[in-house]
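Below is the file structure06.cif, which contains mmCIF, C-alpha atoms.
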```
data_coords
loop_
_atom_site.group_PDB
_atom_site.id
_atom_site.type_symbol
_atom_site.label_atom_id
_atom_site.label_comp_id
_atom_site.auth_asym_id
_atom_site.auth_seq_id
_atom_site.Cartn_x
_atom_site.Cartn_y
_atom_site.Cartn_z
ATOM 1 C CA MET A 1 -57.474 21.038 52.637
ATOM 2 C CA THR A 2 -56.504 20.858 56.269
ATOM 3 C CA THR A 3 -53.502 18.785 57.173
ATOM 4 C CA CYS A 4 -54.294 15.549 58.977
ATOM 5 C CA GLN A 5 -53.046 15.237 62.526
ATOM 6 C CA LEU A 6 -50.835 12.188 62.817
ATOM 7 C CA ASP A 7 -49.232 10.709 65.888
ATOM 8 C CA ALA A 8 -45.835 9.010 65.924
ATOM 9 C CA LEU A 9 -47.303 5.569 65.287
ATOM 10 C CA ASP A 10 -49.373 6.816 62.320
ATOM 11 C CA ARG A 11 -46.214 8.275 60.808
ATOM 12 C CA HIS A 12 -44.313 5.063 61.455
ATOM 13 C CA ILE A 13 -47.036 3.095 59.646
ATOM 14 C CA ILE A 14 -47.083 5.476 56.655
ATOM 15 C CA ASN A 15 -43.301 5.494 56.338
ATOM 16 C CA GLU A 16 -42.819 1.758 56.707
ATOM 17 C CA LEU A 17 -45.835 0.320 54.927
ATOM 18 C CA GLN A 18 -45.525 1.913 51.470
ATOM 19 C CA GLY A 19 -44.863 -1.513 50.057
ATOM 20 C CA GLY A 20 -44.200 -5.060 51.080
ATOM 21 C CA PHE A 21 -47.608 -5.782 52.577
ATOM 22 C CA PRO A 22 -47.584 -9.571 52.836
ATOM 23 C CA VAL A 23 -49.660 -11.979 50.795
ATOM 24 C CA CYS A 24 -50.619 -14.598 53.393
ATOM 25 C CA ASP A 25 -53.673 -15.647 55.446
ATOM 26 C CA ARG A 26 -53.289 -12.978 58.161
ATOM 27 C CA PRO A 27 -51.304 -10.209 56.441
ATOM 28 C CA PHE A 28 -52.270 -7.461 58.903
ATOM 29 C CA ALA A 29 -51.038 -9.617 61.784
ATOM 30 C CA ALA A 30 -47.721 -10.187 59.974
ATOM 31 C CA ALA A 31 -47.325 -6.504 59.060
ATOM 32 C CA ALA A 32 -48.356 -5.372 62.542
ATOM 33 C CA GLU A 33 -45.745 -7.577 64.149
ATOM 34 C CA ARG A 34 -43.057 -6.009 61.967
ATOM 35 C CA LEU A 35 -44.289 -2.534 62.917
ATOM 36 C CA GLY A 36 -44.545 -3.354 66.608
ATOM 37 C CA LEU A 37 -48.284 -3.056 67.183
ATOM 38 C CA GLY A 38 -51.299 -5.350 67.286
ATOM 39 C CA GLU A 39 -53.298 -6.617 64.296
ATOM 40 C CA ASP A 40 -56.536 -4.888 65.387
ATOM 41 C CA ASP A 41 -54.724 -1.658 66.109
ATOM 42 C CA LEU A 42 -53.096 -1.625 62.650
ATOM 43 C CA ILE A 43 -56.431 -2.298 60.914
ATOM 44 C CA ALA A 44 -58.184 0.412 62.966
ATOM 45 C CA ARG A 45 -55.453 2.959 62.275
ATOM 46 C CA LEU A 46 -55.437 2.256 58.535
ATOM 47 C CA ALA A 47 -59.232 2.589 58.440
ATOM 48 C CA ARG A 48 -58.988 5.924 60.260
ATOM 49 C CA LEU A 49 -56.160 7.209 58.017
ATOM 50 C CA VAL A 50 -58.231 6.359 54.925
ATOM 51 C CA ASP A 51 -61.346 7.949 56.467
ATOM 52 C CA GLU A 52 -59.499 11.136 57.366
ATOM 53 C CA GLY A 53 -57.935 11.309 53.916
ATOM 54 C CA ALA A 54 -54.301 10.938 55.019
ATOM 55 C CA LEU A 55 -54.250 7.895 52.748
ATOM 56 C CA SER A 56 -55.928 7.779 49.357
ATOM 57 C CA ARG A 57 -56.336 4.058 49.930
ATOM 58 C CA PHE A 58 -54.631 0.975 51.264
ATOM 59 C CA GLY A 59 -53.918 -1.823 48.829
ATOM 60 C CA PRO A 60 -52.240 -2.726 45.561
ATOM 61 C CA LEU A 61 -50.875 -0.076 43.252
ATOM 62 C CA TYR A 62 -51.346 -1.335 39.722
ATOM 63 C CA ASN A 63 -49.126 -0.605 36.755
ATOM 64 C CA ALA A 64 -51.618 0.153 33.979
ATOM 65 C CA GLU A 65 -49.119 -0.549 31.206
ATOM 66 C CA ARG A 66 -48.544 -4.056 32.511
ATOM 67 C CA LEU A 67 -52.255 -4.663 32.153
ATOM 68 C CA GLY A 68 -51.934 -4.154 28.436
ATOM 69 C CA GLY A 69 -53.036 -0.563 28.783
ATOM 70 C CA ALA A 70 -51.167 2.583 27.906
ATOM 71 C CA VAL A 71 -50.445 5.751 29.845
ATOM 72 C CA THR A 72 -49.125 9.125 28.855
ATOM 73 C CA LEU A 73 -48.634 12.594 30.277
ATOM 74 C CA CYS A 74 -50.118 15.472 28.286
ATOM 75 C CA ALA A 75 -50.109 19.224 28.600
ATOM 76 C CA LEU A 76 -51.892 22.132 27.027
ATOM 77 C CA SER A 77 -51.994 25.858 27.355
ATOM 78 C CA ALA A 78 -55.513 26.935 28.362
ATOM 79 C CA PRO A 79 -56.388 30.633 28.086
ATOM 80 C CA ASP A 80 -57.155 32.068 31.547
ATOM 81 C CA GLU A 81 -60.660 33.179 30.607
ATOM 82 C CA ARG A 82 -61.763 29.654 29.760
ATOM 83 C CA PHE A 83 -59.439 27.647 31.972
ATOM 84 C CA ASP A 84 -62.253 26.059 33.994
ATOM 85 C CA ALA A 85 -64.267 25.229 30.887
ATOM 86 C CA VAL A 86 -61.231 23.538 29.332
ATOM 87 C CA ALA A 87 -60.606 21.613 32.582
ATOM 88 C CA GLU A 88 -64.186 20.387 32.403
ATOM 89 C CA GLN A 89 -63.762 19.293 28.785
ATOM 90 C CA VAL A 90 -60.532 17.460 29.592
ATOM 91 C CA ASN A 91 -61.865 15.856 32.775
ATOM 92 C CA GLY A 92 -64.984 14.742 30.942
ATOM 93 C CA HIS A 93 -62.960 11.945 29.375
ATOM 94 C CA ARG A 94 -62.963 8.915 31.640
ATOM 95 C CA GLU A 95 -59.450 8.080 30.389
ATOM 96 C CA VAL A 96 -58.113 11.235 32.071
ATOM 97 C CA ALA A 97 -56.871 9.939 35.420
ATOM 98 C CA HIS A 98 -55.194 12.981 36.990
ATOM 99 C CA ASN A 99 -55.220 16.589 36.017
ATOM 100 C CA TYR A 100 -53.237 19.387 37.640
ATOM 101 C CA ALA A 101 -53.144 23.116 37.052
ATOM 102 C CA ARG A 102 -49.493 24.158 37.007
ATOM 103 C CA GLY A 103 -47.767 27.495 36.898
ATOM 104 C CA HIS A 104 -46.304 27.596 33.384
ATOM 105 C CA GLU A 105 -47.333 28.632 29.890
ATOM 106 C CA LEU A 106 -48.380 24.969 29.572
ATOM 107 C CA ASN A 107 -50.771 25.368 32.485
ATOM 108 C CA MET A 108 -52.736 22.118 32.466
ATOM 109 C CA TRP A 109 -51.042 18.738 32.868
ATOM 110 C CA PHE A 110 -52.990 15.507 32.779
ATOM 111 C CA VAL A 111 -52.434 11.781 32.611
ATOM 112 C CA ILE A 112 -54.350 9.704 30.092
ATOM 113 C CA ALA A 113 -54.682 5.993 30.836
ATOM 114 C CA ALA A 114 -56.389 3.892 28.176
ATOM 115 C CA GLU A 115 -56.732 0.262 27.256
ATOM 116 C CA THR A 116 -54.528 0.575 24.155
ATOM 117 C CA PRO A 117 -51.939 2.995 22.738
ATOM 118 C CA ASP A 118 -54.313 3.755 19.843
ATOM 119 C CA ALA A 119 -57.010 4.799 22.288
ATOM 120 C CA ILE A 120 -54.618 7.385 23.757
ATOM 121 C CA GLY A 121 -54.239 9.023 20.366
ATOM 122 C CA GLU A 122 -58.006 9.097 19.958
ATOM 123 C CA VAL A 123 -58.518 10.781 23.330
ATOM 124 C CA ILE A 124 -55.887 13.395 22.467
ATOM 125 C CA ALA A 125 -57.570 14.047 19.119
ATOM 126 C CA ARG A 126 -60.971 14.426 20.782
ATOM 127 C CA ILE A 127 -59.606 16.855 23.392
ATOM 128 C CA GLU A 128 -57.937 18.908 20.661
ATOM 129 C CA ALA A 129 -61.165 19.016 18.661
ATOM 130 C CA GLU A 130 -63.299 19.978 21.682
ATOM 131 C CA THR A 131 -60.963 22.631 23.055
ATOM 132 C CA GLY A 132 -59.381 23.911 19.854
ATOM 133 C CA LEU A 133 -56.037 23.720 21.663
ATOM 134 C CA THR A 134 -52.841 21.835 20.889
ATOM 135 C CA VAL A 135 -52.236 18.908 23.228
ATOM 136 C CA TYR A 136 -48.554 18.116 23.766
ATOM 137 C CA ASP A 137 -47.915 14.431 24.378
ATOM 138 C CA PHE A 138 -45.074 13.418 26.701
ATOM 139 C CA PRO A 139 -45.001 9.629 26.633
ATOM 140 C CA LYS A 140 -42.545 8.077 28.997
ATOM 141 C CA GLU A 141 -39.409 7.021 27.121
ATOM 142 C CA GLU A 142 -37.542 5.670 30.107
ATOM 143 C CA GLU A 143 -38.517 5.166 33.725
ATOM 144 C CA PHE A 144 -35.760 5.667 36.245
ATOM 145 C CA PHE A 145 -37.611 4.978 39.423
ATOM 146 C CA ILE A 146 -41.108 4.849 40.634
ATOM 147 C CA GLY A 147 -42.260 4.349 44.123
ATOM 148 C CA LEU A 148 -43.386 6.676 46.811
ATOM 149 C CA LYS A 149 -40.805 7.471 49.360
ATOM 150 C CA VAL A 150 -42.896 9.893 51.328
ATOM 151 C CA ASP A 151 -41.313 10.639 54.660
ATOM 152 C CA VAL A 152 -43.784 12.023 57.158
ATOM 153 C CA MET B 1 -39.039 -6.775 34.779
ATOM 154 C CA MET B 2 -40.385 -9.862 33.109
ATOM 155 C CA ALA B 3 -43.399 -9.795 30.875
ATOM 156 C CA PRO B 4 -46.431 -11.516 32.341
ATOM 157 C CA GLU B 5 -46.066 -15.222 31.650
ATOM 158 C CA ARG B 6 -49.645 -15.477 30.674
ATOM 159 C CA PRO B 7 -52.155 -12.787 29.896
ATOM 160 C CA ILE B 8 -54.557 -11.449 32.465
ATOM 161 C CA ASP B 9 -57.630 -13.665 32.500
ATOM 162 C CA ASP B 10 -61.190 -12.938 33.532
ATOM 163 C CA LEU B 11 -60.665 -13.779 37.212
ATOM 164 C CA ASP B 12 -57.567 -11.544 37.295
ATOM 165 C CA ARG B 13 -59.612 -8.705 35.875
ATOM 166 C CA ARG B 14 -62.309 -9.164 38.477
ATOM 167 C CA LEU B 15 -59.659 -9.356 41.195
ATOM 168 C CA ILE B 16 -58.102 -6.109 39.948
ATOM 169 C CA ALA B 17 -61.504 -4.430 39.765
ATOM 170 C CA GLU B 18 -62.221 -5.501 43.368
ATOM 171 C CA THR B 19 -58.877 -4.271 44.741
ATOM 172 C CA GLN B 20 -58.020 -1.127 42.777
ATOM 173 C CA GLY B 21 -59.903 0.977 45.319
ATOM 174 C CA GLY B 22 -58.156 -0.781 48.217
ATOM 175 C CA LEU B 23 -58.068 -4.020 50.169
ATOM 176 C CA PRO B 24 -60.820 -4.892 52.657
ATOM 177 C CA LEU B 25 -59.586 -3.712 56.064
ATOM 178 C CA VAL B 26 -60.335 -6.954 57.879
ATOM 179 C CA ALA B 27 -58.037 -9.557 59.441
ATOM 180 C CA GLN B 28 -58.298 -11.879 56.431
ATOM 181 C CA PRO B 29 -58.628 -9.561 53.445
ATOM 182 C CA TYR B 30 -57.758 -12.190 50.843
ATOM 183 C CA ALA B 31 -60.422 -14.547 52.179
ATOM 184 C CA ALA B 32 -62.941 -11.666 52.050
ATOM 185 C CA LEU B 33 -62.003 -11.027 48.421
ATOM 186 C CA ALA B 34 -62.248 -14.732 47.629
ATOM 187 C CA GLU B 35 -65.781 -14.789 48.946
ATOM 188 C CA ARG B 36 -66.797 -11.862 46.736
ATOM 189 C CA LEU B 37 -65.171 -13.495 43.721
ATOM 190 C CA GLY B 38 -66.477 -16.974 44.366
ATOM 191 C CA THR B 39 -63.041 -18.541 44.695
ATOM 192 C CA SER B 40 -60.626 -19.614 47.432
ATOM 193 C CA ALA B 41 -58.317 -17.447 49.525
ATOM 194 C CA GLY B 42 -55.398 -19.525 48.265
ATOM 195 C CA GLU B 43 -56.314 -18.734 44.653
ATOM 196 C CA VAL B 44 -56.531 -15.006 45.439
ATOM 197 C CA GLN B 45 -53.136 -15.054 47.148
ATOM 198 C CA GLN B 46 -51.535 -17.010 44.329
ATOM 199 C CA ARG B 47 -52.871 -14.588 41.745
ATOM 200 C CA LEU B 48 -51.833 -11.484 43.697
ATOM 201 C CA GLN B 49 -48.359 -12.933 44.152
ATOM 202 C CA ARG B 50 -48.094 -13.593 40.428
ATOM 203 C CA LEU B 51 -49.263 -10.044 39.644
ATOM 204 C CA LEU B 52 -46.574 -8.751 42.012
ATOM 205 C CA ASP B 53 -43.884 -10.974 40.484
ATOM 206 C CA THR B 54 -44.708 -9.861 36.958
ATOM 207 C CA GLY B 55 -44.873 -6.164 37.839
ATOM 208 C CA VAL B 56 -48.600 -5.737 37.189
ATOM 209 C CA ILE B 57 -48.803 -4.739 40.850
ATOM 210 C CA ARG B 58 -46.034 -2.301 41.694
ATOM 211 C CA ARG B 59 -46.475 -2.667 45.426
ATOM 212 C CA ILE B 60 -49.080 -3.306 48.103
ATOM 213 C CA GLY B 61 -49.281 -0.830 50.944
ATOM 214 C CA VAL B 62 -50.405 2.620 51.972
ATOM 215 C CA VAL B 63 -51.093 5.132 49.197
ATOM 216 C CA PRO B 64 -50.429 8.467 50.896
ATOM 217 C CA ASN B 65 -52.346 11.598 50.026
ATOM 218 C CA HIS B 66 -49.575 14.180 49.848
ATOM 219 C CA TYR B 67 -51.868 17.161 50.306
ATOM 220 C CA ALA B 68 -53.513 15.804 53.438
ATOM 221 C CA LEU B 69 -50.084 14.984 54.846
ATOM 222 C CA GLY B 70 -48.986 18.595 54.527
ATOM 223 C CA LEU B 71 -46.708 17.947 51.540
ATOM 224 C CA SER B 72 -48.649 20.544 49.654
ATOM 225 C CA ALA B 73 -45.818 21.856 47.485
ATOM 226 C CA ASN B 74 -45.616 19.447 44.595
ATOM 227 C CA GLY B 75 -42.972 20.504 42.138
ATOM 228 C CA MET B 76 -42.508 18.862 38.796
ATOM 229 C CA THR B 77 -38.843 19.636 38.193
ATOM 230 C CA VAL B 78 -37.909 19.448 34.512
ATOM 231 C CA TRP B 79 -34.422 19.411 33.059
ATOM 232 C CA ASP B 80 -32.770 19.774 29.664
ATOM 233 C CA VAL B 81 -30.093 17.106 29.922
ATOM 234 C CA ALA B 82 -27.639 16.178 27.169
ATOM 235 C CA ASP B 83 -28.984 13.085 25.392
ATOM 236 C CA ALA B 84 -25.732 11.193 25.791
ATOM 237 C CA ALA B 85 -25.841 11.549 29.571
ATOM 238 C CA VAL B 86 -29.542 11.344 30.348
ATOM 239 C CA ALA B 87 -29.737 7.564 30.934
ATOM 240 C CA ARG B 88 -26.931 7.577 33.483
ATOM 241 C CA LEU B 89 -27.973 10.810 35.200
ATOM 242 C CA GLY B 90 -31.668 9.935 35.190
ATOM 243 C CA ALA B 91 -30.905 6.808 37.185
ATOM 244 C CA GLU B 92 -28.962 8.899 39.714
ATOM 245 C CA VAL B 93 -31.750 11.476 40.034
ATOM 246 C CA GLY B 94 -34.364 8.717 40.400
ATOM 247 C CA ALA B 95 -32.365 7.187 43.233
ATOM 248 C CA LEU B 96 -32.525 10.394 45.313
ATOM 249 C CA ASP B 97 -34.725 9.714 48.304
ATOM 250 C CA PHE B 98 -36.958 12.763 47.781
ATOM 251 C CA VAL B 99 -37.739 12.046 44.108
ATOM 252 C CA SER B 100 -40.959 10.069 43.780
ATOM 253 C CA HIS B 101 -41.082 9.700 39.995
ATOM 254 C CA CYS B 102 -38.387 10.191 37.389
ATOM 255 C CA TYR B 103 -38.819 9.783 33.662
ATOM 256 C CA ARG B 104 -37.207 10.646 30.373
ATOM 257 C CA ARG B 105 -39.820 12.186 28.074
ATOM 258 C CA PRO B 106 -39.648 13.839 24.646
ATOM 259 C CA ARG B 107 -38.870 17.515 24.125
ATOM 260 C CA HIS B 108 -41.313 19.646 22.113
ATOM 261 C CA LEU B 109 -39.111 22.381 20.694
ATOM 262 C CA PRO B 110 -39.361 25.320 20.823
ATOM 263 C CA VAL B 111 -42.148 25.224 23.424
ATOM 264 C CA TRP B 112 -40.554 22.600 25.642
ATOM 265 C CA PRO B 113 -36.794 21.928 25.819
ATOM 266 C CA TYR B 114 -36.859 19.540 28.801
ATOM 267 C CA ASN B 115 -36.317 15.797 28.560
ATOM 268 C CA LEU B 116 -35.982 14.694 32.204
ATOM 269 C CA PHE B 117 -38.908 14.946 34.620
ATOM 270 C CA ALA B 118 -38.447 14.409 38.361
ATOM 271 C CA MET B 119 -41.280 14.903 40.840
ATOM 272 C CA ALA B 120 -40.336 16.400 44.182
ATOM 273 C CA HIS B 121 -42.672 16.931 47.117
ATOM 274 C CA GLY B 122 -42.158 19.287 50.019
ATOM 275 C CA ARG B 123 -43.909 21.140 52.784
ATOM 276 C CA ASP B 124 -43.397 24.415 50.941
ATOM 277 C CA ARG B 125 -41.774 25.762 47.801
ATOM 278 C CA ALA B 126 -38.520 26.573 49.584
ATOM 279 C CA GLU B 127 -38.151 22.890 50.416
ATOM 280 C CA VAL B 128 -38.845 21.873 46.804
ATOM 281 C CA GLU B 129 -36.341 24.466 45.545
ATOM 282 C CA GLU B 130 -33.694 23.177 47.892
ATOM 283 C CA LYS B 131 -34.299 19.704 46.474
ATOM 284 C CA ALA B 132 -34.098 21.033 42.915
ATOM 285 C CA GLN B 133 -30.706 22.547 43.777
ATOM 286 C CA ARG B 134 -29.483 19.129 44.792
ATOM 287 C CA ILE B 135 -30.638 17.715 41.457
ATOM 288 C CA ALA B 136 -28.920 20.615 39.643
ATOM 289 C CA GLY B 137 -25.702 19.836 41.501
ATOM 290 C CA LEU B 138 -25.912 16.225 40.431
ATOM 291 C CA LEU B 139 -26.553 17.051 36.762
ATOM 292 C CA GLY B 140 -23.788 19.676 36.668
ATOM 293 C CA GLU B 141 -22.565 20.693 33.225
ATOM 294 C CA HIS B 142 -24.818 18.165 31.483
ATOM 295 C CA CYS B 143 -27.852 20.303 32.288
ATOM 296 C CA ARG B 144 -28.606 23.208 29.935
ATOM 297 C CA GLY B 145 -31.619 24.547 31.757
ATOM 298 C CA HIS B 146 -34.412 23.660 34.097
ATOM 299 C CA ASP B 147 -37.741 24.779 35.463
ATOM 300 C CA ILE B 148 -40.037 23.845 38.332
ATOM 301 C CA LEU B 149 -43.755 23.571 37.637
ATOM 302 C CA TYR B 150 -45.768 23.792 40.827
ATOM 303 C CA SER B 151 -49.234 22.399 40.921
ATOM 304 C CA THR B 152 -51.596 25.207 41.781
ATOM 305 C CA ARG B 153 -54.756 23.133 41.771
ATOM 306 C CA LEU B 154 -55.724 19.484 41.617
ATOM 307 C CA LEU B 155 -58.352 19.371 38.869
ATOM 308 C CA LYS B 156 -59.034 15.621 38.831
ATOM 309 C CA LYS B 157 -57.713 12.533 40.510
ATOM 310 C CA THR B 158 -59.044 9.047 40.099
ATOM 311 C CA GLY B 159 -57.318 5.743 40.509
ATOM 312 C CA LEU B 160 -56.879 3.247 37.779
ATOM 313 C CA ARG B 161 -60.249 2.236 36.415
ATOM 314 C CA ILE B 162 -60.547 -1.200 34.979
ATOM 315 C CA ALA B 163 -63.862 -2.676 34.016
ATOM 316 C CA ALA B 164 -64.559 -6.070 35.546
#
```

Could you express the structure from this file as structure tokens?
Amino acid sequence: MTTCQLDALDRHIINELQGGFPVCDRPFAAAAERLGLGEDDLIARLARLVDEGALSRFGPLYNAERLGGAVTLCALSAPDERFDAVAEQVNGHREVAHNYARGHELNMWFVIAAETPDAIGEVIARIEAETGLTVYDFPKEEEFFIGLKVDV
Amino acid sequence: MMAPERPIDDLDRRLIAETQGGLPLVAQPYAALAERLGTSAGEVQQRLQRLLDTGVIRRIGVVPNHYALGLSANGMTVWDVADAAVARLGAEVGALDFVSHCYRRPRHLPVWPYNLFAMAHGRDRAEVEEKAQRIAGLLGEHCRGHDILYSTRLLKKTGLRIAA
């Protein structure tokens, strides 16, 4: 993927607007004032940054667990010769939200988000049955911080 | 964080379904949502504020795409930290400005000895390694080993999917 070209104001927006977007009648006007630009300019820049892919989206970031759902991180060790086939089997489950190949003996790491904790166990069991591989479950036991502090 | 005072109702679910892919990029986004949902802008704002207050919404703002921003080295740093010290040290690691996520997770011995996971992003691996050294310095003698797992490929990424 090519890196997006950002100007100083784009970077300022990305650094300063990672949270705290106001809930009021004209939130872009309020946020724009804080950032030192106009309402229309902020909206146009955000639309462009989303279009160009610099932003995945602009809006609320939900905490799935607070919605009564459950989330876990899982890993497995996929043999090289069928890595892509295993990725397809894993990704085929709609509960699999992210999946990354990583350089380690456990070479596939994915997040399962489901409506209930029981459903997580069922997805893991199905993936194990389909792939014939052991899925290691790494549920979060304590969260020390979450929030993006990307500095561009 | 407090537990939600009352469970998510049907309108909340529809509001979440409408906004999980992003807010409308118009001057009055909450009024635009209200129109789609058949309710008032005030109701939408009140509900979003409540979801923020109860932690259902972590934050509202830009969701950066690290890869597109050139932060293409994404290192999951993992640490074997003494159980007695992990709560205190985890909080310190999580507070570092370059750590985006930090969790205590179970070990799976003998395959996996690590119980502290901290995600670090950088422009290249050297930058991630430099950050890992800072974490190592902070953990000191309480750390018995560590590794850095770089993502080599993004295989799937979708946002939260809730059915309306």

Using all atoms listed in the file, determine which residues lie at most 12 Å from Ala44 of chain A, disregarding the query and same-chain residues fewer than 2 positions distant; provide the list as a PDB file with C-alpha atoms, in the frame of the given file.
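After the write, result.pdb holds the following:
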```pdb
ATOM      1  CA  ASP A  10     -49.373   6.816  62.320  1.00  0.00           C
ATOM      2  CA  ILE A  13     -47.036   3.095  59.646  1.00  0.00           C
ATOM      3  CA  PHE A  28     -52.270  -7.461  58.903  1.00  0.00           C
ATOM      4  CA  ALA A  32     -48.356  -5.372  62.542  1.00  0.00           C
ATOM      5  CA  LEU A  37     -48.284  -3.056  67.183  1.00  0.00           C
ATOM      6  CA  GLY A  38     -51.299  -5.350  67.286  1.00  0.00           C
ATOM      7  CA  GLU A  39     -53.298  -6.617  64.296  1.00  0.00           C
ATOM      8  CA  ASP A  40     -56.536  -4.888  65.387  1.00  0.00           C
ATOM      9  CA  ASP A  41     -54.724  -1.658  66.109  1.00  0.00           C
ATOM     10  CA  LEU A  42     -53.096  -1.625  62.650  1.00  0.00           C
ATOM     11  CA  LEU A  46     -55.437   2.256  58.535  1.00  0.00           C
ATOM     12  CA  ALA A  47     -59.232   2.589  58.440  1.00  0.00           C
ATOM     13  CA  ARG A  48     -58.988   5.924  60.260  1.00  0.00           C
ATOM     14  CA  LEU A  49     -56.160   7.209  58.017  1.00  0.00           C
ATOM     15  CA  VAL A  50     -58.231   6.359  54.925  1.00  0.00           C
ATOM     16  CA  ASP A  51     -61.346   7.949  56.467  1.00  0.00           C
TER      17      ASP A  51
ATOM     18  CA  PRO B  24     -60.820  -4.892  52.657  1.00  0.00           C
ATOM     19  CA  LEU B  25     -59.586  -3.712  56.064  1.00  0.00           C
ATOM     20  CA  VAL B  26     -60.335  -6.954  57.879  1.00  0.00           C
ATOM     21  CA  ALA B  27     -58.037  -9.557  59.441  1.00  0.00           C
TER      22      ALA B  27
END
```

Considering all atoms listed in the file, state which residue in the set A:Ala8, A:Ile127, A:Gly103, A:Gly36 is at the smallest distance from chain B.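 Residue with the minimum atom-to-atom distance to chain B: A:Gly103.
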
Return as a VMD selection string the residues belonging to chain A that are within 7 Å of chain B, counting all atoms listed in the file. chain A and resid 1 to 4 14 17 to 21 23 to 26 28 43 47 53 to 63 66 to 67 91 97 to 104 138 to 149

Could you turn the residues from that selection into a file that holds C-alpha atoms, as a PDB file, in the frame of the given file?
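Written out: part24.pdb:
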```
ATOM      1  CA  MET A   1     -57.474  21.038  52.637  1.00  0.00           C
ATOM      2  CA  THR A   2     -56.504  20.858  56.269  1.00  0.00           C
ATOM      3  CA  THR A   3     -53.502  18.785  57.173  1.00  0.00           C
ATOM      4  CA  CYS A   4     -54.294  15.549  58.977  1.00  0.00           C
ATOM      5  CA  ILE A  14     -47.083   5.476  56.655  1.00  0.00           C
ATOM      6  CA  LEU A  17     -45.835   0.320  54.927  1.00  0.00           C
ATOM      7  CA  GLN A  18     -45.525   1.913  51.470  1.00  0.00           C
ATOM      8  CA  GLY A  19     -44.863  -1.513  50.057  1.00  0.00           C
ATOM      9  CA  GLY A  20     -44.200  -5.060  51.080  1.00  0.00           C
ATOM     10  CA  PHE A  21     -47.608  -5.782  52.577  1.00  0.00           C
ATOM     11  CA  VAL A  23     -49.660 -11.979  50.795  1.00  0.00           C
ATOM     12  CA  CYS A  24     -50.619 -14.598  53.393  1.00  0.00           C
ATOM     13  CA  ASP A  25     -53.673 -15.647  55.446  1.00  0.00           C
ATOM     14  CA  ARG A  26     -53.289 -12.978  58.161  1.00  0.00           C
ATOM     15  CA  PHE A  28     -52.270  -7.461  58.903  1.00  0.00           C
ATOM     16  CA  ILE A  43     -56.431  -2.298  60.914  1.00  0.00           C
ATOM     17  CA  ALA A  47     -59.232   2.589  58.440  1.00  0.00           C
ATOM     18  CA  GLY A  53     -57.935  11.309  53.916  1.00  0.00           C
ATOM     19  CA  ALA A  54     -54.301  10.938  55.019  1.00  0.00           C
ATOM     20  CA  LEU A  55     -54.250   7.895  52.748  1.00  0.00           C
ATOM     21  CA  SER A  56     -55.928   7.779  49.357  1.00  0.00           C
ATOM     22  CA  ARG A  57     -56.336   4.058  49.930  1.00  0.00           C
ATOM     23  CA  PHE A  58     -54.631   0.975  51.264  1.00  0.00           C
ATOM     24  CA  GLY A  59     -53.918  -1.823  48.829  1.00  0.00           C
ATOM     25  CA  PRO A  60     -52.240  -2.726  45.561  1.00  0.00           C
ATOM     26  CA  LEU A  61     -50.875  -0.076  43.252  1.00  0.00           C
ATOM     27  CA  TYR A  62     -51.346  -1.335  39.722  1.00  0.00           C
ATOM     28  CA  ASN A  63     -49.126  -0.605  36.755  1.00  0.00           C
ATOM     29  CA  ARG A  66     -48.544  -4.056  32.511  1.00  0.00           C
ATOM     30  CA  LEU A  67     -52.255  -4.663  32.153  1.00  0.00           C
ATOM     31  CA  ASN A  91     -61.865  15.856  32.775  1.00  0.00           C
ATOM     32  CA  ALA A  97     -56.871   9.939  35.420  1.00  0.00           C
ATOM     33  CA  HIS A  98     -55.194  12.981  36.990  1.00  0.00           C
ATOM     34  CA  ASN A  99     -55.220  16.589  36.017  1.00  0.00           C
ATOM     35  CA  TYR A 100     -53.237  19.387  37.640  1.00  0.00           C
ATOM     36  CA  ALA A 101     -53.144  23.116  37.052  1.00  0.00           C
ATOM     37  CA  ARG A 102     -49.493  24.158  37.007  1.00  0.00           C
ATOM     38  CA  GLY A 103     -47.767  27.495  36.898  1.00  0.00           C
ATOM     39  CA  HIS A 104     -46.304  27.596  33.384  1.00  0.00           C
ATOM     40  CA  PHE A 138     -45.074  13.418  26.701  1.00  0.00           C
ATOM     41  CA  PRO A 139     -45.001   9.629  26.633  1.00  0.00           C
ATOM     42  CA  LYS A 140     -42.545   8.077  28.997  1.00  0.00           C
ATOM     43  CA  GLU A 141     -39.409   7.021  27.121  1.00  0.00           C
ATOM     44  CA  GLU A 142     -37.542   5.670  30.107  1.00  0.00           C
ATOM     45  CA  GLU A 143     -38.517   5.166  33.725  1.00  0.00           C
ATOM     46  CA  PHE A 144     -35.760   5.667  36.245  1.00  0.00           C
ATOM     47  CA  PHE A 145     -37.611   4.978  39.423  1.00  0.00           C
ATOM     48  CA  ILE A 146     -41.108   4.849  40.634  1.00  0.00           C
ATOM     49  CA  GLY A 147     -42.260   4.349  44.123  1.00  0.00           C
ATOM     50  CA  LEU A 148     -43.386   6.676  46.811  1.00  0.00           C
ATOM     51  CA  LYS A 149     -40.805   7.471  49.360  1.00  0.00           C
TER      52      LYS A 149
END
```

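For the pair atom CA of Glu16 of chain A and atom CA of Ala113 of chain A, the separation is 28.8 Å.
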
Selected residue of minimal separation from Pro113 of chain B among B:Leu11, B:Cys143, B:Gly38, B:Arg50, counting all atoms listed in the file: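 Smallest separation from Pro113 of chain B among the options: B:Cys143.
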
Polymer residues at most 6 Å from segment 115-125 of chain A, only C-alpha atoms, same-chain spacing of 2 or more positions, as an MDAnalysis selection string: chainID A and resid 69:70 127:128

Determine, counting all atoms listed in the file, which protein, DNA and RNA residues have an atom within 6 Å of an atom of segment 125-142 of chain B; residues of the same chain fewer than 6 positions away are not included. Present the result as a ChimeraX atom specification. /B:73,81-82

Quick one: residues within 10 Å of segment 77-81 of chain A, only C-alpha atoms counted, chain neighbours fewer than 3 positions away excluded, as an MDAnalysis selection string? chainID A and resid 84:87 101 104:109 131:136
